[in-house]
file data.cif (mmCIF, N, CA and C atoms)
data_target
loop_
_atom_site.label_atom_id
_atom_site.label_comp_id
_atom_site.auth_asym_id
_atom_site.auth_seq_id
_atom_site.Cartn_x
_atom_site.Cartn_y
_atom_site.Cartn_z
N MET X 236 0.84 -1.18 0.00
CA MET X 236 0.00 0.00 0.00
C MET X 236 0.89 1.25 0.00
N GLN X 237 0.59 2.18 -0.87
CA GLN X 237 1.32 3.45 -0.96
C GLN X 237 0.85 4.39 0.15
N ARG X 238 1.77 4.94 0.87
CA ARG X 238 1.43 5.89 1.93
C ARG X 238 1.97 7.25 1.55
N HIS X 239 1.27 8.28 1.93
CA HIS X 239 1.73 9.64 1.65
C HIS X 239 2.56 10.16 2.81
N ILE X 240 3.36 11.14 2.52
CA ILE X 240 4.19 11.78 3.53
C ILE X 240 3.61 13.16 3.79
N THR X 241 3.45 13.50 5.05
CA THR X 241 2.83 14.78 5.40
C THR X 241 3.90 15.84 5.68
N LEU X 242 3.48 17.07 5.58
CA LEU X 242 4.37 18.19 5.90
C LEU X 242 4.80 18.11 7.36
N LYS X 243 3.90 17.68 8.22
CA LYS X 243 4.21 17.51 9.64
C LYS X 243 5.37 16.51 9.80
N GLN X 244 5.35 15.43 9.04
CA GLN X 244 6.43 14.46 9.15
C GLN X 244 7.77 15.05 8.71
N PHE X 245 7.74 15.88 7.67
CA PHE X 245 8.97 16.56 7.26
C PHE X 245 9.49 17.43 8.41
N ARG X 246 8.60 18.19 9.02
CA ARG X 246 9.00 19.10 10.10
C ARG X 246 9.53 18.34 11.32
N TYR X 247 8.84 17.28 11.70
CA TYR X 247 9.28 16.50 12.85
C TYR X 247 10.61 15.82 12.56
N PHE X 248 10.76 15.29 11.35
CA PHE X 248 12.02 14.67 10.96
C PHE X 248 13.17 15.67 11.08
N LEU X 249 12.97 16.88 10.54
CA LEU X 249 14.03 17.89 10.60
C LEU X 249 14.33 18.29 12.04
N ALA X 250 13.33 18.39 12.87
CA ALA X 250 13.56 18.74 14.28
C ALA X 250 14.42 17.68 14.96
N VAL X 251 14.12 16.41 14.71
CA VAL X 251 14.91 15.34 15.31
C VAL X 251 16.31 15.33 14.72
N SER X 252 16.43 15.52 13.41
CA SER X 252 17.76 15.49 12.80
C SER X 252 18.63 16.65 13.28
N GLU X 253 18.02 17.77 13.59
CA GLU X 253 18.77 18.94 14.06
C GLU X 253 19.15 18.84 15.53
N THR X 254 18.33 18.19 16.33
CA THR X 254 18.60 18.10 17.77
C THR X 254 19.23 16.77 18.18
N ALA X 255 19.15 15.77 17.30
CA ALA X 255 19.64 14.41 17.58
C ALA X 255 18.92 13.78 18.77
N SER X 256 17.69 14.24 19.01
CA SER X 256 16.94 13.76 20.16
C SER X 256 15.44 13.92 19.93
N VAL X 257 14.70 12.85 20.18
CA VAL X 257 13.24 12.94 20.07
C VAL X 257 12.70 13.87 21.16
N ALA X 258 13.23 13.74 22.36
CA ALA X 258 12.76 14.57 23.48
C ALA X 258 13.03 16.05 23.21
N ALA X 259 14.23 16.37 22.73
CA ALA X 259 14.56 17.78 22.45
C ALA X 259 13.71 18.31 21.29
N ALA X 260 13.49 17.48 20.28
CA ALA X 260 12.65 17.90 19.15
C ALA X 260 11.23 18.17 19.62
N ALA X 261 10.71 17.30 20.47
CA ALA X 261 9.34 17.48 20.99
C ALA X 261 9.23 18.79 21.77
N ARG X 262 10.24 19.09 22.58
CA ARG X 262 10.22 20.36 23.33
C ARG X 262 10.31 21.55 22.37
N MET X 263 11.15 21.42 21.35
CA MET X 263 11.36 22.52 20.41
C MET X 263 10.07 22.87 19.66
N ILE X 264 9.31 21.84 19.28
CA ILE X 264 8.09 22.11 18.51
C ILE X 264 6.83 22.03 19.37
N ASN X 265 7.04 21.86 20.69
CA ASN X 265 5.96 21.92 21.67
C ASN X 265 4.87 20.88 21.44
N ILE X 266 5.30 19.62 21.29
CA ILE X 266 4.34 18.51 21.20
C ILE X 266 4.85 17.35 22.04
N ALA X 267 4.03 16.35 22.19
CA ALA X 267 4.40 15.18 22.98
C ALA X 267 5.50 14.37 22.28
N GLN X 268 6.40 13.83 23.07
CA GLN X 268 7.48 13.00 22.55
C GLN X 268 6.92 11.80 21.78
N SER X 269 5.83 11.23 22.28
CA SER X 269 5.24 10.07 21.62
C SER X 269 4.74 10.41 20.22
N ALA X 270 4.28 11.64 20.03
CA ALA X 270 3.82 12.06 18.70
C ALA X 270 4.98 12.14 17.71
N VAL X 271 6.12 12.61 18.19
CA VAL X 271 7.30 12.68 17.34
C VAL X 271 7.75 11.26 16.98
N THR X 272 7.83 10.40 17.97
CA THR X 272 8.26 9.02 17.74
C THR X 272 7.34 8.33 16.73
N LYS X 273 6.04 8.48 16.91
CA LYS X 273 5.07 7.86 16.00
C LYS X 273 5.23 8.40 14.59
N SER X 274 5.40 9.70 14.47
CA SER X 274 5.55 10.33 13.16
C SER X 274 6.80 9.83 12.44
N ILE X 275 7.91 9.71 13.16
CA ILE X 275 9.15 9.22 12.56
C ILE X 275 8.98 7.76 12.13
N GLN X 276 8.35 6.95 12.95
CA GLN X 276 8.12 5.55 12.60
C GLN X 276 7.25 5.43 11.35
N GLU X 277 6.19 6.23 11.28
CA GLU X 277 5.31 6.22 10.11
C GLU X 277 6.05 6.69 8.86
N LEU X 278 6.91 7.68 9.01
CA LEU X 278 7.71 8.18 7.89
C LEU X 278 8.66 7.10 7.40
N GLU X 279 9.34 6.43 8.31
CA GLU X 279 10.24 5.34 7.92
C GLU X 279 9.47 4.22 7.23
N ASP X 280 8.29 3.90 7.73
CA ASP X 280 7.46 2.87 7.10
C ASP X 280 7.04 3.29 5.69
N ALA X 281 6.63 4.55 5.54
CA ALA X 281 6.19 5.04 4.23
C ALA X 281 7.33 5.03 3.22
N LEU X 282 8.52 5.37 3.68
CA LEU X 282 9.69 5.42 2.78
C LEU X 282 10.33 4.05 2.58
N GLY X 283 10.09 3.16 3.53
CA GLY X 283 10.69 1.83 3.45
C GLY X 283 12.18 1.82 3.78
N VAL X 284 12.63 2.81 4.53
CA VAL X 284 14.03 2.89 4.93
C VAL X 284 14.12 3.33 6.38
N LYS X 285 15.25 3.03 6.99
CA LYS X 285 15.53 3.49 8.34
C LYS X 285 16.26 4.82 8.23
N LEU X 286 15.72 5.86 8.85
CA LEU X 286 16.29 7.20 8.75
C LEU X 286 17.25 7.51 9.89
N PHE X 287 17.06 6.86 11.02
CA PHE X 287 17.88 7.11 12.21
C PHE X 287 18.36 5.80 12.82
N GLU X 288 19.54 5.86 13.39
CA GLU X 288 20.01 4.82 14.30
C GLU X 288 19.70 5.35 15.68
N ARG X 289 19.04 4.54 16.47
CA ARG X 289 18.72 4.96 17.83
C ARG X 289 19.85 4.46 18.73
N THR X 290 20.57 5.37 19.35
CA THR X 290 21.70 5.02 20.20
C THR X 290 21.50 5.59 21.59
N THR X 291 22.36 5.20 22.51
CA THR X 291 22.27 5.73 23.87
C THR X 291 22.63 7.21 23.90
N LYS X 292 23.30 7.70 22.87
CA LYS X 292 23.68 9.11 22.80
C LYS X 292 22.71 9.93 21.98
N GLY X 293 21.66 9.31 21.46
CA GLY X 293 20.66 10.05 20.71
C GLY X 293 20.37 9.44 19.36
N MET X 294 19.76 10.23 18.53
CA MET X 294 19.34 9.80 17.20
C MET X 294 20.41 10.23 16.19
N VAL X 295 20.93 9.25 15.46
CA VAL X 295 21.98 9.51 14.48
C VAL X 295 21.42 9.18 13.10
N LEU X 296 21.56 10.11 12.16
CA LEU X 296 21.06 9.88 10.81
C LEU X 296 21.81 8.74 10.13
N THR X 297 21.06 7.90 9.43
CA THR X 297 21.65 6.88 8.57
C THR X 297 22.02 7.54 7.24
N GLN X 298 22.62 6.78 6.34
CA GLN X 298 22.90 7.33 5.01
C GLN X 298 21.60 7.75 4.33
N ASP X 299 20.57 6.90 4.44
CA ASP X 299 19.28 7.26 3.87
C ASP X 299 18.72 8.50 4.55
N GLY X 300 18.94 8.62 5.85
CA GLY X 300 18.49 9.79 6.59
C GLY X 300 19.14 11.07 6.11
N HIS X 301 20.44 10.99 5.82
CA HIS X 301 21.15 12.17 5.29
C HIS X 301 20.59 12.58 3.93
N ARG X 302 20.32 11.59 3.08
CA ARG X 302 19.75 11.91 1.76
C ARG X 302 18.36 12.51 1.90
N PHE X 303 17.56 11.95 2.79
CA PHE X 303 16.21 12.47 3.00
C PHE X 303 16.24 13.86 3.61
N GLN X 304 17.21 14.12 4.47
CA GLN X 304 17.33 15.43 5.12
C GLN X 304 17.47 16.54 4.08
N ALA X 305 18.28 16.29 3.06
CA ALA X 305 18.45 17.30 2.00
C ALA X 305 17.13 17.58 1.31
N SER X 306 16.38 16.52 1.01
CA SER X 306 15.08 16.69 0.36
C SER X 306 14.08 17.38 1.28
N ALA X 307 14.09 17.00 2.55
CA ALA X 307 13.15 17.59 3.50
C ALA X 307 13.39 19.09 3.64
N ARG X 308 14.64 19.49 3.67
CA ARG X 308 14.95 20.92 3.76
C ARG X 308 14.44 21.67 2.54
N LYS X 309 14.56 21.06 1.37
CA LYS X 309 14.06 21.70 0.14
C LYS X 309 12.54 21.84 0.18
N VAL X 310 11.87 20.80 0.66
CA VAL X 310 10.40 20.84 0.74
C VAL X 310 9.96 21.96 1.68
N ILE X 311 10.56 22.02 2.86
CA ILE X 311 10.17 23.03 3.85
C ILE X 311 10.49 24.44 3.30
N ALA X 312 11.62 24.59 2.63
CA ALA X 312 11.98 25.89 2.04
C ALA X 312 10.97 26.28 0.95
N ALA X 313 10.56 25.32 0.13
CA ALA X 313 9.59 25.60 -0.92
C ALA X 313 8.24 25.99 -0.34
N VAL X 314 7.83 25.33 0.71
CA VAL X 314 6.56 25.67 1.36
C VAL X 314 6.64 27.07 1.96
N ALA X 315 7.75 27.37 2.61
CA ALA X 315 7.92 28.71 3.19
C ALA X 315 7.91 29.77 2.10
N GLU X 316 8.58 29.50 0.99
CA GLU X 316 8.60 30.45 -0.12
C GLU X 316 7.22 30.63 -0.71
N ALA X 317 6.48 29.55 -0.85
CA ALA X 317 5.12 29.64 -1.41
C ALA X 317 4.22 30.47 -0.51
N GLY X 318 4.46 30.40 0.79
CA GLY X 318 3.67 31.17 1.74
C GLY X 318 3.92 32.67 1.64
N GLN X 319 5.00 33.06 0.98
CA GLN X 319 5.32 34.47 0.83
C GLN X 319 4.75 35.06 -0.46
N LEU X 320 4.11 34.24 -1.26
CA LEU X 320 3.56 34.72 -2.53
C LEU X 320 2.33 35.58 -2.30
#
call {"tool": "encode", "arguments": {"input": "data.cif", "output": "structure tokens"}}
result
Amino acid sequence: MQRHITLKQFRYFLAVSETASVAAAARMINIAQSAVTKSIQELEDALGVKLFERTTKGMVLTQDGHRFQASARKVIAAVAEAGQL
């Protein structure tokens, strides 16, 4: 089954990738940690790849995560630019 990716998932992914922590990302965007975790899991399922390695020191991007991060930044930038039209 094809799943869509939401703008929220892009934002949550970028927050985690920037902070290397689900807890810090949740605080940064003012939502529950469980919501961030669920969103990242759904995103990984939709993409069919693992985006993060979960370690005792935090969340570390995988190679696929690094590639997706570049795309996610472009999507968020495009949405921000479109909002200025």
call {"tool": "resolve_selection", "arguments": {"input": "data.cif", "expression": "the PyMOL selection byres (((chain X and resi 283-300 and name CA) around 9) and name CA)", "output": "PDB file with N, CA and C atoms, in the frame of the given file"}}
result
ATOM      1  N   PHE X 248      10.760  15.290  11.350  1.00  0.00           N
ATOM      2  CA  PHE X 248      12.020  14.670  10.960  1.00  0.00           C
ATOM      3  C   PHE X 248      13.170  15.670  11.080  1.00  0.00           C
ATOM      4  N   VAL X 251      14.120  16.410  14.710  1.00  0.00           N
ATOM      5  CA  VAL X 251      14.910  15.340  15.310  1.00  0.00           C
ATOM      6  C   VAL X 251      16.310  15.330  14.720  1.00  0.00           C
ATOM      7  N   SER X 252      16.430  15.520  13.410  1.00  0.00           N
ATOM      8  CA  SER X 252      17.760  15.490  12.800  1.00  0.00           C
ATOM      9  C   SER X 252      18.630  16.650  13.280  1.00  0.00           C
ATOM     10  N   THR X 254      18.330  18.190  16.330  1.00  0.00           N
ATOM     11  CA  THR X 254      18.600  18.100  17.770  1.00  0.00           C
ATOM     12  C   THR X 254      19.230  16.770  18.180  1.00  0.00           C
ATOM     13  N   ALA X 255      19.150  15.770  17.300  1.00  0.00           N
ATOM     14  CA  ALA X 255      19.640  14.410  17.580  1.00  0.00           C
ATOM     15  C   ALA X 255      18.920  13.780  18.770  1.00  0.00           C
ATOM     16  N   SER X 256      17.690  14.240  19.010  1.00  0.00           N
ATOM     17  CA  SER X 256      16.940  13.760  20.160  1.00  0.00           C
ATOM     18  C   SER X 256      15.440  13.920  19.930  1.00  0.00           C
ATOM     19  N   VAL X 257      14.700  12.850  20.180  1.00  0.00           N
ATOM     20  CA  VAL X 257      13.240  12.940  20.070  1.00  0.00           C
ATOM     21  C   VAL X 257      12.700  13.870  21.160  1.00  0.00           C
ATOM     22  N   ILE X 275       7.910   9.710  13.160  1.00  0.00           N
ATOM     23  CA  ILE X 275       9.150   9.220  12.560  1.00  0.00           C
ATOM     24  C   ILE X 275       8.980   7.760  12.130  1.00  0.00           C
ATOM     25  N   GLN X 276       8.350   6.950  12.950  1.00  0.00           N
ATOM     26  CA  GLN X 276       8.120   5.550  12.600  1.00  0.00           C
ATOM     27  C   GLN X 276       7.250   5.430  11.350  1.00  0.00           C
ATOM     28  N   LEU X 278       6.910   7.680   9.010  1.00  0.00           N
ATOM     29  CA  LEU X 278       7.710   8.180   7.890  1.00  0.00           C
ATOM     30  C   LEU X 278       8.660   7.100   7.400  1.00  0.00           C
ATOM     31  N   GLU X 279       9.340   6.430   8.310  1.00  0.00           N
ATOM     32  CA  GLU X 279      10.240   5.340   7.920  1.00  0.00           C
ATOM     33  C   GLU X 279       9.470   4.220   7.230  1.00  0.00           C
ATOM     34  N   ASP X 280       8.290   3.900   7.730  1.00  0.00           N
ATOM     35  CA  ASP X 280       7.460   2.870   7.100  1.00  0.00           C
ATOM     36  C   ASP X 280       7.040   3.290   5.690  1.00  0.00           C
ATOM     37  N   ALA X 281       6.630   4.550   5.540  1.00  0.00           N
ATOM     38  CA  ALA X 281       6.190   5.040   4.230  1.00  0.00           C
ATOM     39  C   ALA X 281       7.330   5.030   3.220  1.00  0.00           C
ATOM     40  N   LEU X 282       8.520   5.370   3.680  1.00  0.00           N
ATOM     41  CA  LEU X 282       9.690   5.420   2.780  1.00  0.00           C
ATOM     42  C   LEU X 282      10.330   4.050   2.580  1.00  0.00           C
ATOM     43  N   HIS X 301      20.440  10.990   5.820  1.00  0.00           N
ATOM     44  CA  HIS X 301      21.150  12.170   5.290  1.00  0.00           C
ATOM     45  C   HIS X 301      20.590  12.580   3.930  1.00  0.00           C
ATOM     46  N   ARG X 302      20.320  11.590   3.080  1.00  0.00           N
ATOM     47  CA  ARG X 302      19.750  11.910   1.760  1.00  0.00           C
ATOM     48  C   ARG X 302      18.360  12.510   1.900  1.00  0.00           C
ATOM     49  N   PHE X 303      17.560  11.950   2.790  1.00  0.00           N
ATOM     50  CA  PHE X 303      16.210  12.470   3.000  1.00  0.00           C
ATOM     51  C   PHE X 303      16.240  13.860   3.610  1.00  0.00           C
ATOM     52  N   GLN X 304      17.210  14.120   4.470  1.00  0.00           N
ATOM     53  CA  GLN X 304      17.330  15.430   5.120  1.00  0.00           C
ATOM     54  C   GLN X 304      17.470  16.540   4.080  1.00  0.00           C
ATOM     55  N   ALA X 305      18.280  16.290   3.060  1.00  0.00           N
ATOM     56  CA  ALA X 305      18.450  17.300   2.000  1.00  0.00           C
ATOM     57  C   ALA X 305      17.130  17.580   1.310  1.00  0.00           C
TER      58      ALA X 305
END
call {"tool": "residues_around", "arguments": {"input": "data.cif", "residues": "stretch 308-314 of chain X", "least_positions_apart": "4", "cutoff": "8 Å", "atoms": "all atoms listed in the file", "output": "number ranges by chain"}}
result
X: 242, 245-246, 249, 303-304, 318-319
call {"tool": "closest_residue", "arguments": {"input": "data.cif", "among": "X:Ala258, X:Ala317, X:Thr241, X:Ser306", "to": "X:Val271", "atoms": "all atoms listed in the file"}}
result
X:Ala258
call {"tool": "select_by_dssp", "arguments": {"input": "data.cif", "residues": "stretch 270-306 of chain X", "states": "alpha helix (DSSP H)", "output": "JSON, numbers by chain"}}
result
{"X": [270, 271, 272, 273, 274, 275, 276, 277, 278, 279, 280, 281, 282, 298, 299, 300, 301, 302, 303, 304, 305, 306]}
call {"tool": "atom_distance", "arguments": {"input": "data.cif", "atom1": "atom CA of X:Ile266", "atom2": "atom CA of X:Glu316"}}
result
24.8 Å
call {"tool": "select_by_dssp", "arguments": {"input": "data.cif", "residues": "chain X", "states": "strand (DSSP E)", "output": "number ranges by chain"}}
result
X: 287-290, 293-296
call {"tool": "atom_distance", "arguments": {"input": "data.cif", "atom1": "atom CA of X:Ala259", "atom2": "atom N of X:Arg238"}}
result
28.2 Å
call {"tool": "atom_distance", "arguments": {"input": "data.cif", "atom1": "atom N of X:Ile264", "atom2": "atom C of X:His239"}}
result
21.3 Å
call {"tool": "axis_aligned_box", "arguments": {"input": "data.cif", "around": "stretch 252-260 of chain X", "padding_each_side": "8 Å", "output": "lines of an AutoDock Vina configuration file"}}
result
center_x = 15.4
center_y = 15.9
center_z = 18.1
size_x = 24.4
size_y = 22.1
size_z = 26.7
call {"tool": "decode", "arguments": {"input": "data.cif", "residues": "stretch 292-305 of chain X", "atoms": "N, CA, C and O atoms", "output": "compact mmCIF listing (two decimals), in the first residue's frame"}}
result
# COMPACT_ATOMS: atom_id res chain seq x y z
N LYS X 292 23.30 7.70 22.87
CA LYS X 292 23.68 9.11 22.80
C LYS X 292 22.71 9.93 21.98
O LYS X 292 22.91 11.13 21.79
N GLY X 293 21.66 9.31 21.46
CA GLY X 293 20.66 10.05 20.71
C GLY X 293 20.37 9.44 19.36
O GLY X 293 20.70 8.28 19.09
N MET X 294 19.76 10.23 18.53
CA MET X 294 19.34 9.80 17.20
C MET X 294 20.41 10.23 16.19
O MET X 294 20.72 11.41 16.08
N VAL X 295 20.93 9.25 15.46
CA VAL X 295 21.98 9.51 14.48
C VAL X 295 21.42 9.18 13.10
O VAL X 295 20.86 8.09 12.89
N LEU X 296 21.56 10.11 12.16
CA LEU X 296 21.06 9.88 10.81
C LEU X 296 21.81 8.74 10.13
O LEU X 296 23.03 8.64 10.23
N THR X 297 21.06 7.90 9.43
CA THR X 297 21.65 6.88 8.57
C THR X 297 22.02 7.54 7.24
O THR X 297 21.72 8.72 7.02
N GLN X 298 22.62 6.78 6.34
CA GLN X 298 22.90 7.33 5.01
C GLN X 298 21.60 7.75 4.33
O GLN X 298 21.52 8.81 3.71
N ASP X 299 20.57 6.90 4.44
CA ASP X 299 19.28 7.26 3.87
C ASP X 299 18.72 8.50 4.55
O ASP X 299 18.09 9.35 3.91
N GLY X 300 18.94 8.62 5.85
CA GLY X 300 18.49 9.79 6.59
C GLY X 300 19.14 11.07 6.11
O GLY X 300 18.49 12.10 5.97
N HIS X 301 20.44 10.99 5.82
CA HIS X 301 21.15 12.17 5.29
C HIS X 301 20.59 12.58 3.93
O HIS X 301 20.39 13.76 3.66
N ARG X 302 20.32 11.59 3.08
CA ARG X 302 19.75 11.91 1.76
C ARG X 302 18.36 12.51 1.90
O ARG X 302 18.02 13.48 1.24
N PHE X 303 17.56 11.95 2.79
CA PHE X 303 16.21 12.47 3.00
C PHE X 303 16.24 13.86 3.61
O PHE X 303 15.41 14.71 3.28
N GLN X 304 17.21 14.12 4.47
CA GLN X 304 17.33 15.43 5.12
C GLN X 304 17.47 16.54 4.08
O GLN X 304 16.83 17.59 4.19
N ALA X 305 18.28 16.29 3.06
CA ALA X 305 18.45 17.30 2.00
C ALA X 305 17.13 17.58 1.31
O ALA X 305 16.77 18.73 1.05
